[in-house]
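Next comes input17.csv, with CSV, C-alpha atoms and all ligand atoms.
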```csv
chain,number,residue,atom,x,y,z
A,1,MET,CA,97.9,-29.1,10.4
A,2,ALA,CA,100.1,-32.1,9.9
A,3,SER,CA,98.5,-35.5,10.0
A,4,PHE,CA,100.4,-38.6,9.1
A,5,PRO,CA,99.1,-41.8,7.6
A,6,THR,CA,99.0,-45.3,9.2
A,7,VAL,CA,101.0,-46.7,6.3
A,8,PHE,CA,103.7,-44.4,5.0
A,9,GLU,CA,104.5,-46.2,1.7
A,10,THR,CA,105.2,-43.4,-0.8
A,11,ILE,CA,105.9,-39.7,-0.9
A,12,ASN,CA,102.3,-39.3,-2.2
A,13,ASP,CA,101.0,-40.5,1.2
A,14,ILE,CA,101.9,-37.2,2.8
A,15,GLY,CA,101.2,-33.7,1.7
A,16,MET,CA,102.9,-30.3,2.0
A,17,PRO,CA,101.9,-29.7,5.7
A,18,GLU,CA,103.5,-33.0,6.7
A,19,ILE,CA,106.6,-32.5,4.6
A,20,ASN,CA,107.1,-29.0,6.0
A,21,TRP,CA,106.5,-30.2,9.5
A,22,LEU,CA,109.2,-32.9,9.0
A,23,LEU,CA,111.7,-30.4,7.7
A,24,LYS,CA,111.2,-28.0,10.6
A,25,ARG,CA,111.2,-30.8,13.2
A,26,THR,CA,114.4,-32.4,11.7
A,27,LYS,CA,116.1,-29.0,12.1
A,28,GLU,CA,115.0,-28.7,15.7
A,29,ILE,CA,116.0,-32.3,16.5
A,30,LYS,CA,119.4,-31.8,14.8
A,31,SER,CA,120.2,-28.6,16.8
A,32,LEU,CA,119.1,-30.3,20.1
A,33,ILE,CA,121.3,-33.4,19.4
A,34,LYS,CA,124.2,-31.2,18.3
A,35,SER,CA,124.1,-29.1,21.4
A,36,ASP,CA,124.3,-32.3,23.4
A,37,SER,CA,121.3,-31.3,25.4
A,38,LEU,CA,120.7,-33.7,28.1
A,39,GLY,CA,117.5,-34.1,30.0
A,40,PHE,CA,115.0,-33.6,27.2
A,41,GLN,CA,111.9,-35.7,27.3
A,42,THR,CA,111.2,-37.9,24.3
A,43,PHE,CA,107.8,-39.0,23.3
A,44,PHE,CA,108.9,-42.6,23.8
A,45,GLN,CA,109.9,-42.2,27.4
A,46,THR,CA,106.3,-41.5,28.3
A,47,THR,CA,104.6,-44.3,26.3
A,48,ASN,CA,104.9,-48.0,26.0
A,49,LYS,CA,105.1,-47.9,22.2
A,50,ILE,CA,107.3,-50.6,20.7
A,51,VAL,CA,108.9,-50.3,17.3
A,52,ALA,CA,110.0,-53.3,15.1
A,53,CYS,CA,112.7,-53.0,12.5
A,54,THR,CA,112.1,-55.6,9.9
A,55,PHE,CA,114.4,-55.7,6.9
A,56,PHE,CA,113.4,-58.5,4.7
A,57,GLU,CA,115.9,-60.4,2.6
A,58,GLU,CA,117.7,-57.2,1.6
A,59,HIS,CA,121.2,-56.0,2.4
A,60,SER,CA,121.4,-52.6,4.2
A,61,THR,CA,124.0,-50.6,6.1
A,62,ARG,CA,122.8,-47.0,6.1
A,63,THR,CA,119.1,-47.3,6.3
A,64,LYS,CA,119.0,-50.1,8.9
A,65,LEU,CA,121.6,-48.5,11.2
A,66,SER,CA,120.1,-45.0,10.6
A,67,PHE,CA,116.7,-46.2,11.9
A,68,THR,CA,118.3,-48.1,14.7
A,69,ARG,CA,120.3,-45.0,15.7
A,70,ALA,CA,117.2,-42.8,15.4
A,71,LEU,CA,115.3,-45.2,17.7
A,72,GLN,CA,118.1,-45.2,20.3
A,73,LEU,CA,118.2,-41.4,20.3
A,74,LEU,CA,114.5,-41.3,20.8
A,75,GLY,CA,114.8,-43.7,23.7
A,76,ALA,CA,112.3,-46.0,22.0
A,77,LYS,CA,111.9,-49.7,22.9
A,78,PHE,CA,112.5,-51.6,19.7
A,79,ILE,CA,113.1,-55.1,18.5
A,80,ASN,CA,115.0,-56.2,15.4
A,81,PHE,CA,113.4,-58.8,13.3
A,82,ASP,CA,115.7,-61.1,11.4
A,83,SER,CA,113.7,-62.4,8.4
A,84,GLY,CA,116.5,-64.9,7.4
A,85,THR,CA,116.2,-66.9,10.6
A,86,SER,CA,112.5,-66.4,11.1
A,87,SER,CA,109.4,-68.6,10.6
A,88,LEU,CA,109.0,-66.9,7.2
A,89,LYS,CA,111.5,-69.5,6.2
A,90,LYS,CA,109.1,-72.2,7.3
A,91,GLY,CA,106.4,-70.8,5.1
A,92,GLU,CA,104.7,-68.4,7.4
A,93,SER,CA,103.0,-65.5,5.7
A,94,LEU,CA,103.9,-61.9,6.1
A,95,ARG,CA,100.4,-61.0,7.5
A,96,GLU,CA,100.7,-63.8,10.1
A,97,THR,CA,104.2,-62.5,10.9
A,98,PHE,CA,102.9,-59.0,11.4
A,99,LEU,CA,100.0,-60.2,13.6
A,100,THR,CA,102.5,-62.1,15.7
A,101,LEU,CA,104.5,-58.9,16.2
A,102,LYS,CA,101.3,-57.0,17.0
A,103,ALA,CA,100.4,-59.6,19.6
A,104,MET,CA,103.7,-58.9,21.2
A,105,GLY,CA,102.8,-55.2,21.5
A,106,VAL,CA,104.5,-53.8,18.5
A,107,ASN,CA,102.9,-50.5,17.5
A,108,ILE,CA,104.9,-49.4,14.6
A,109,CYS,CA,107.1,-51.3,12.1
A,110,ILE,CA,109.9,-50.1,9.9
A,111,PHE,CA,109.8,-52.3,6.9
A,112,ARG,CA,112.1,-53.0,4.0
A,113,CYS,CA,111.5,-55.7,1.4
A,114,PRO,CA,112.6,-56.7,-2.1
A,115,GLN,CA,109.1,-56.7,-3.5
A,116,SER,CA,107.9,-53.5,-5.1
A,117,GLU,CA,104.7,-52.2,-3.3
A,118,GLY,CA,105.2,-54.9,-0.6
A,119,LEU,CA,103.3,-52.7,1.8
A,120,SER,CA,100.3,-52.1,-0.4
A,121,PRO,CA,98.3,-55.2,0.8
A,122,PHE,CA,98.4,-53.7,4.3
A,123,LYS,CA,97.3,-50.2,3.4
A,124,HIS,CA,93.7,-50.6,4.1
A,125,LYS,CA,94.0,-53.1,6.9
A,126,ALA,CA,97.2,-52.4,8.7
A,127,PRO,CA,98.0,-54.4,11.8
A,128,PHE,CA,100.0,-51.4,13.0
A,129,LYS,CA,101.8,-48.4,11.6
A,130,LEU,CA,104.2,-49.1,8.9
A,131,ILE,CA,107.1,-47.0,7.5
A,132,ASN,CA,108.5,-48.0,4.2
A,133,ALA,CA,112.3,-48.3,4.4
A,134,GLY,CA,112.6,-49.2,0.7
A,135,ASP,CA,110.3,-51.6,-1.2
A,136,GLY,CA,111.9,-53.2,-4.2
A,137,MET,CA,112.0,-50.8,-7.1
A,138,ASN,CA,109.0,-48.7,-5.9
A,139,GLU,CA,109.9,-46.1,-3.3
A,140,HIS,CA,112.3,-45.0,-0.5
A,141,PRO,CA,110.4,-42.0,0.9
A,142,THR,CA,112.6,-41.5,4.0
A,143,GLN,CA,115.7,-41.3,1.9
A,144,ALA,CA,114.1,-38.6,-0.4
A,145,LEU,CA,113.1,-36.6,2.7
A,146,LEU,CA,116.5,-36.7,4.3
A,147,ASP,CA,118.0,-35.7,0.9
A,148,LEU,CA,115.6,-32.7,0.7
A,149,PHE,CA,116.5,-31.7,4.2
A,150,THR,CA,120.2,-31.9,3.4
A,151,MET,CA,119.7,-29.7,0.3
A,152,THR,CA,118.0,-27.0,2.4
A,153,GLU,CA,120.8,-27.2,5.0
A,154,GLU,CA,123.8,-27.5,2.8
A,155,ASN,CA,123.1,-26.1,-0.6
A,156,PHE,CA,120.0,-24.1,-1.4
A,157,ASP,CA,118.5,-21.1,0.5
A,158,GLN,CA,115.7,-21.4,-2.0
A,159,LEU,CA,114.7,-24.7,-3.6
A,160,GLU,CA,112.4,-23.2,-6.3
A,161,GLY,CA,113.9,-23.2,-9.7
A,162,LYS,CA,116.8,-25.5,-8.8
A,163,THR,CA,117.6,-28.5,-11.0
A,164,VAL,CA,118.7,-31.8,-9.6
A,165,ALA,CA,120.2,-34.3,-12.1
A,166,ILE,CA,119.8,-37.9,-11.0
A,167,VAL,CA,122.4,-39.9,-12.9
A,168,GLY,CA,122.4,-43.6,-13.4
A,169,ASP,CA,120.0,-46.5,-13.0
A,170,CYS,CA,116.9,-44.3,-12.5
A,171,LEU,CA,114.5,-47.0,-13.7
A,172,HIS,CA,115.5,-49.6,-11.0
A,173,SER,CA,116.1,-47.1,-8.2
A,174,ARG,CA,113.4,-46.5,-5.6
A,175,VAL,CA,115.3,-43.5,-4.4
A,176,SER,CA,115.0,-41.9,-7.8
A,177,HIS,CA,111.2,-42.6,-7.8
A,178,SER,CA,110.7,-40.9,-4.4
A,179,LEU,CA,112.8,-37.9,-5.3
A,180,SER,CA,110.9,-37.5,-8.6
A,181,ARG,CA,107.7,-37.2,-6.6
A,182,LEU,CA,109.1,-35.0,-3.8
A,183,LEU,CA,111.4,-32.4,-5.3
A,184,PRO,CA,109.0,-30.9,-8.0
A,185,GLN,CA,106.5,-30.1,-5.2
A,186,PHE,CA,109.1,-27.5,-4.2
A,187,GLY,CA,109.3,-26.0,-7.7
A,188,MET,CA,112.5,-28.0,-8.4
A,189,LYS,CA,113.2,-29.7,-11.7
A,190,VAL,CA,114.4,-33.3,-11.8
A,191,LEU,CA,116.5,-34.4,-14.7
A,192,LEU,CA,116.7,-38.2,-15.0
A,193,VAL,CA,120.0,-39.0,-16.7
A,194,GLY,CA,121.1,-42.3,-18.1
A,195,PRO,CA,121.1,-44.7,-21.0
A,196,GLU,CA,117.7,-45.6,-22.5
A,197,GLU,CA,117.5,-48.9,-20.6
A,198,PHE,CA,117.9,-47.1,-17.3
A,199,LEU,CA,115.2,-44.4,-17.9
A,200,PRO,CA,111.6,-44.9,-16.9
A,201,VAL,CA,109.3,-44.4,-19.8
A,202,SER,CA,105.9,-45.4,-18.6
A,203,GLU,CA,105.3,-42.6,-16.1
A,204,GLN,CA,105.5,-38.9,-17.0
A,205,LEU,CA,105.7,-36.9,-13.8
A,206,PRO,CA,105.3,-33.1,-13.6
A,207,GLY,CA,108.7,-31.4,-13.2
A,208,VAL,CA,110.6,-34.5,-14.3
A,209,GLU,CA,112.5,-34.6,-17.6
A,210,PHE,CA,114.8,-37.1,-19.2
A,211,CYS,CA,118.3,-36.6,-20.6
A,212,ARG,CA,120.6,-39.2,-22.2
A,213,ASP,CA,123.7,-36.9,-22.2
A,214,ARG,CA,125.6,-36.7,-19.0
A,215,ASP,CA,127.5,-33.5,-19.9
A,216,GLU,CA,124.5,-31.7,-21.0
A,217,ALA,CA,122.9,-32.5,-17.7
A,218,ILE,CA,126.0,-31.5,-15.7
A,219,LYS,CA,126.0,-28.1,-17.5
A,220,LYS,CA,122.3,-27.6,-16.7
A,221,CYS,CA,122.0,-28.8,-13.1
A,222,ASP,CA,122.7,-27.3,-9.7
A,223,LEU,CA,123.3,-30.6,-8.0
A,224,LEU,CA,124.3,-34.1,-9.1
A,225,TYR,CA,122.7,-37.1,-7.5
A,226,LEU,CA,124.6,-40.3,-8.4
A,227,LEU,CA,122.9,-43.7,-8.3
A,228,ARG,CA,124.4,-47.1,-8.0
A,229,ILE,CA,123.6,-49.5,-10.7
A,230,GLN,CA,120.9,-51.7,-9.2
A,231,THR,CA,122.2,-55.0,-10.7
A,232,GLU,CA,120.2,-57.1,-8.2
A,233,ARG,CA,117.0,-55.8,-9.9
A,234,HIS,CA,118.0,-56.4,-13.5
A,235,ARG,CA,116.1,-59.1,-15.2
A,236,ARG,CA,118.7,-59.4,-17.9
A,237,SER,CA,122.4,-59.8,-17.2
A,238,ASP,CA,123.3,-58.2,-20.5
A,239,LEU,CA,121.7,-54.9,-19.7
A,240,LEU,CA,125.0,-53.2,-19.0
A,241,GLU,CA,128.3,-52.9,-20.8
A,242,ILE,CA,130.2,-51.5,-17.8
A,243,ASP,CA,133.2,-49.8,-19.5
A,244,SER,CA,131.0,-47.9,-21.9
A,245,TYR,CA,128.7,-47.0,-19.0
A,246,ILE,CA,131.6,-45.6,-17.0
A,247,GLU,CA,132.8,-43.6,-20.0
A,248,ARG,CA,129.3,-42.1,-20.7
A,249,TYR,CA,127.8,-41.8,-17.2
A,250,GLY,CA,130.5,-42.0,-14.6
A,251,VAL,CA,131.4,-38.8,-12.8
A,252,THR,CA,135.0,-37.9,-12.0
A,253,LEU,CA,136.4,-34.8,-10.3
A,254,ASP,CA,138.6,-34.1,-13.3
A,255,HIS,CA,135.7,-34.2,-15.6
A,256,LEU,CA,133.7,-31.8,-13.5
A,257,LYS,CA,136.6,-29.4,-13.3
A,258,LYS,CA,137.0,-29.6,-17.1
A,259,LEU,CA,133.4,-28.6,-17.5
A,260,GLY,CA,133.8,-25.8,-14.9
A,261,ARG,CA,131.1,-27.4,-12.8
A,262,GLU,CA,132.1,-28.0,-9.2
A,263,ILE,CA,128.7,-28.7,-7.9
A,264,PRO,CA,127.4,-30.7,-4.9
A,265,LEU,CA,127.6,-34.5,-5.3
A,266,TYR,CA,124.9,-36.5,-3.6
A,267,SER,CA,124.6,-40.3,-3.2
A,268,PRO,CA,122.2,-42.4,-1.1
A,269,GLY,CA,125.0,-44.9,-0.7
A,270,PRO,CA,126.5,-47.3,-1.2
A,271,ALA,CA,128.6,-45.9,-4.0
A,272,ASN,CA,130.7,-48.0,-6.3
A,273,ILE,CA,133.9,-46.1,-6.6
A,274,GLY,CA,135.3,-46.2,-10.1
A,275,VAL,CA,131.8,-46.7,-11.6
A,276,GLU,CA,129.4,-43.9,-10.9
A,277,ILE,CA,131.9,-41.8,-9.0
A,278,ASP,CA,135.7,-41.7,-8.8
A,279,GLU,CA,137.9,-41.7,-5.7
A,280,ALA,CA,138.9,-38.1,-6.1
A,281,ALA,CA,135.3,-36.9,-6.3
A,282,ILE,CA,134.1,-39.0,-3.4
A,283,SER,CA,137.0,-37.7,-1.3
A,284,SER,CA,136.5,-34.1,-2.3
A,285,ASN,CA,134.5,-31.5,-0.4
A,286,LEU,CA,131.9,-31.6,-3.2
A,287,PHE,CA,130.7,-35.0,-1.8
A,288,VAL,CA,127.8,-34.6,0.6
A,289,GLY,CA,127.1,-38.4,1.2
A,290,HIS,CA,128.2,-38.4,4.8
A,291,ARG,CA,126.1,-35.4,5.7
A,292,GLN,CA,123.2,-37.1,4.1
A,293,VAL,CA,123.8,-40.1,6.4
A,294,GLU,CA,124.0,-37.8,9.4
A,295,ASN,CA,120.8,-35.9,8.6
A,296,GLY,CA,119.1,-39.3,7.9
A,297,VAL,CA,119.2,-40.1,11.6
A,298,TYR,CA,117.5,-36.8,12.5
A,299,MET,CA,114.9,-37.0,9.7
A,300,ARG,CA,114.0,-40.6,10.7
A,301,MET,CA,113.6,-39.5,14.3
A,302,ALA,CA,111.2,-36.9,13.1
A,303,ILE,CA,109.3,-39.4,10.9
A,304,ILE,CA,109.0,-42.0,13.7
A,305,GLU,CA,107.9,-39.4,16.1
A,306,ALA,CA,105.3,-38.0,13.7
A,307,MET,CA,104.0,-41.4,12.7
A,308,CYS,CA,103.5,-42.3,16.4
A,309,SER,CA,101.9,-39.2,17.5
A,310,LEU,CA,100.6,-37.0,14.7
A,311,ASN,CA,97.6,-38.7,13.1
A,312,LYS,CA,94.0,-38.0,12.7
A,313,GLU,CA,93.0,-39.2,16.1
A,314,ASN,CA,95.5,-37.4,18.2
A,315,VAL,CA,96.7,-34.6,16.0
A,316,ASN,CA,97.2,-32.2,18.9
A,317,GLU,CA,99.0,-34.6,21.1
A,318,LEU,CA,102.5,-33.5,20.2
A,319,PRO,CA,103.0,-29.7,20.6
A,320,GLY,CA,106.1,-29.8,18.4
A,321,GLY,CA,108.1,-27.8,20.9
A,322,ILE,CA,111.8,-28.4,21.0
A,323,ARG,CA,111.7,-30.3,24.3
A,324,THR,CA,109.1,-32.9,23.2
A,325,ILE,CA,111.2,-35.1,20.9
A,401,LIG,C1,119.6,-47.1,-1.5
A,401,LIG,C2,118.5,-48.2,-1.5
A,401,LIG,O1,118.7,-49.2,-0.7
A,401,LIG,O2,117.6,-48.1,-2.2
A,401,LIG,N1,120.5,-47.1,-0.4
A,401,LIG,C3,120.1,-46.6,0.8
A,401,LIG,O3,118.9,-46.9,1.2
A,401,LIG,N2,120.9,-45.9,1.5
A,401,LIG,C4,120.3,-47.1,-2.8
A,401,LIG,C5,121.1,-48.3,-3.3
A,401,LIG,O4,121.0,-49.4,-2.7
A,401,LIG,O5,121.8,-48.1,-4.3
```
Transcribe the structure of this file into structure tokens.
Amino acid sequence: MASFPTVFETINDIGMPEINWLLKRTKEIKSLIKSDSLGFQTFFQTTNKIVACTFFEEHSTRTKLSFTRALQLLGAKFINFDSGTSSLKKGESLRETFLTLKAMGVNICIFRCPQSEGLSPFKHKAPFKLINAGDGMNEHPTQALLDLFTMTEENFDQLEGKTVAIVGDCLHSRVSHSLSRLLPQFGMKVLLVGPEEFLPVSEQLPGVEFCRDRDEAIKKCDLLYLLRIQTERHRRSDLLEIDSYIERYGVTLDHLKKLGREIPLYSPGPANIGVEIDEAAISSNLFVGHRQVENGVYMRMAIIEAMCSLNKENVNELPGGIRTI
């Protein structure tokens, strides 16, 4: 039976029952929304739960709006917290900020921050439920889950045995870290592809291999996942020689055709056109990025719903039927 944690920080915080529950629920929610079904009851219409969206000092288009859209579709009451104009700027601590939100009735908080493991201090004493929307270089679990869902919908009837090549700045990408923990659980292989300075060396995860050669990876994989260079997280400005990077790791439609590999192209967005991907590839029908965005809303609806209602205390509260979003 699925049971969700109070703080959802990393993929490792949930197990197979939770992941499978989310995949199934996302599919149900998607079909309900797509059929424009009116009159369904959402969990939030019958509770007073309040959600806070707190995106700390980080730019975001997709994740922030995706959570906002998910909350709207759920009919949830939510408040947006703007860290840039908040009392954090007057020196208030994060804990005090959270306690303030809690005092206002917030039950669950969607949280993004530039610090890796920024949620960890709250793991054992959480003021409310927390969902990680990307913490520095650490993890981005909701992105990995929406990617997995998209792979099952768009590309693979069976995940087992498939190889996903994640190309680019794997070391500094939280998306890559979450995917490396998630996909091997389904018998998939993850190939991390990039120059040495962009490959993590410290952690050897089961089902994850490294590859320095883009073309070798393209020939081996079933799906290419293209990462943006995370310059905002580079400690050294000389880490990258951009022209040689594009030459060795950029992906163009022409190049894929030359290699005879017209395979799905994923990106968490934003993509830098002309760097990791060219205009022809991003405009081609190989590019799945916009379907990832669409599915992200449904997956985040499922995650919010599960976090609010499926936990150890009230695991039976939500029947999971299609009319109980
Ligand atoms: C990613 C992120 O913020 O980690 N984007 C996203 O959430 N859609 C990837 C990135 O910024 O490159």
For Ala280 of chain A, find every residue with an atom within 9 Å (counting all atoms listed in the file), except residues of its own chain fewer than 5 positions away, and show them as a PDB file with C-alpha atoms, keeping the file's coordinate frame.
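The resulting around-v6.pdb:
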```
ATOM      1  CA  THR A 252     135.000 -37.900 -12.000  1.00  0.00           C
ATOM      2  CA  LEU A 253     136.400 -34.800 -10.300  1.00  0.00           C
ATOM      3  CA  ASP A 254     138.600 -34.100 -13.300  1.00  0.00           C
TER       4      ASP A 254
END
```
Select, from A:Glu160, A:Asp278, A:Asp222, A:Asp135, the residue with the minimum atom-to-atom distance to Gln185 of chain A, counting all atoms listed in the file.
->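 Checking each of A:Glu160, A:Asp278, A:Asp222, A:Asp135 against Gln185 of chain A, counting all atoms listed in the file, the winner is A:Glu160.
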Residue neighbourhood Lys258 of chain A, 12 Å, all atoms listed in the file, exclusion window fewer than 6 positions, as JSON, numbers by chain = {"A": [215, 218, 219, 251, 252]}
Saved selection, atoms kept: C-alpha atoms, as a PDB file, in the frame of the given file:
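Final output, selection-v8.pdb:
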```pdb
ATOM      1  CA  ASP A 215     127.500 -33.500 -19.900  1.00  0.00           C
ATOM      2  CA  ILE A 218     126.000 -31.500 -15.700  1.00  0.00           C
ATOM      3  CA  LYS A 219     126.000 -28.100 -17.500  1.00  0.00           C
ATOM      4  CA  VAL A 251     131.400 -38.800 -12.800  1.00  0.00           C
ATOM      5  CA  THR A 252     135.000 -37.900 -12.000  1.00  0.00           C
TER       6      THR A 252
END
```
Residues within 7 Å of ligand LIG 401 (chain A) should be enumerated using all atoms listed in the file and returned as a short mmCIF file (atom, residue, chain, number, x, y, z; two decimals) with C-alpha atoms, in the coordinates of the input.
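Everything below was put into result35.cif:
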```cif
data_model
loop_
_atom_site.label_atom_id
_atom_site.label_comp_id
_atom_site.auth_asym_id
_atom_site.auth_seq_id
_atom_site.Cartn_x
_atom_site.Cartn_y
_atom_site.Cartn_z
CA SER A 60 121.40 -52.60 4.20
CA ARG A 62 122.80 -47.00 6.10
CA THR A 63 119.10 -47.30 6.30
CA GLY A 134 112.60 -49.20 0.70
CA HIS A 140 112.30 -45.00 -0.50
CA GLN A 143 115.70 -41.30 1.90
CA SER A 173 116.10 -47.10 -8.20
CA ARG A 174 113.40 -46.50 -5.60
CA VAL A 175 115.30 -43.50 -4.40
CA LEU A 227 122.90 -43.70 -8.30
CA ARG A 228 124.40 -47.10 -8.00
CA ILE A 229 123.60 -49.50 -10.70
CA GLN A 230 120.90 -51.70 -9.20
CA PRO A 268 122.20 -42.40 -1.10
CA GLY A 269 125.00 -44.90 -0.70
CA PRO A 270 126.50 -47.30 -1.20
#
```
If you measure from atom CA of Thr26 of chain A to atom CA of Ile11 of chain A, what distance in Å do you get, rounded to one decimal?
->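 Spanning atom CA of Thr26 of chain A to atom CA of Ile11 of chain A is a straight-line distance of 16.9 Å.
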Quick one: residues within 7 Å of Phe210 of chain A, all atoms listed in the file counted, chain neighbours fewer than 6 positions away excluded, as a count of residues only?
-> 3
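The space separating atom CA of Leu259 of chain A from atom CA of Ser284 of chain A comes to 16.5 Å.
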Between A:Asn295, A:Ser66, A:Thr85, A:Gln72, which has the minimum distance to Phe149 of chain A (counting all atoms listed in the file)?
->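 Residue with the minimum atom-to-atom distance to Phe149 of chain A: A:Asn295.
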Which neighbours of Gly194 of chain A fall inside 8 Å, counting only C-alpha atoms, when residues of the same chain fewer than 2 positions from it are skipped, and could you give them as a list of chain:residue names?
->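 Returned residues: A:Val167, A:Gly168, A:Asp169, A:Cys170, A:Leu192, A:Glu196, A:Glu197, A:Phe198, A:Leu199, A:Cys211, A:Arg212, A:Asp213, A:Arg214, A:Tyr249.
Summary of the local environment: counting all atoms listed in the file, residues at most 12 Å from Met151 of chain A, other than itself and those fewer than 4 positions away along its chain, are Leu23, Ala144, Leu145, Leu146, Asp147, Asn155, Phe156, Asp157, Gln158, Leu159, Glu160, Lys162, Thr163, Val164, Leu183, Phe186, Met188, Asp222, Leu223, Leu224, Tyr225, Pro264, Leu265, Tyr266, Val288, Gly289, Arg291, Gln292 and Asn295 of chain A.
Distances to Ile131 of chain A were evaluated for A:Cys53, A:Val7, A:Leu74, A:Leu182 using only C-alpha atoms, and the minimum falls at A:Val7.
Remark: for Lys89 of chain A, the closest of the candidate residues A:Phe43, A:Leu226, A:Leu32, A:Glu57 is A:Glu57 (distances computed over all atoms listed in the file).
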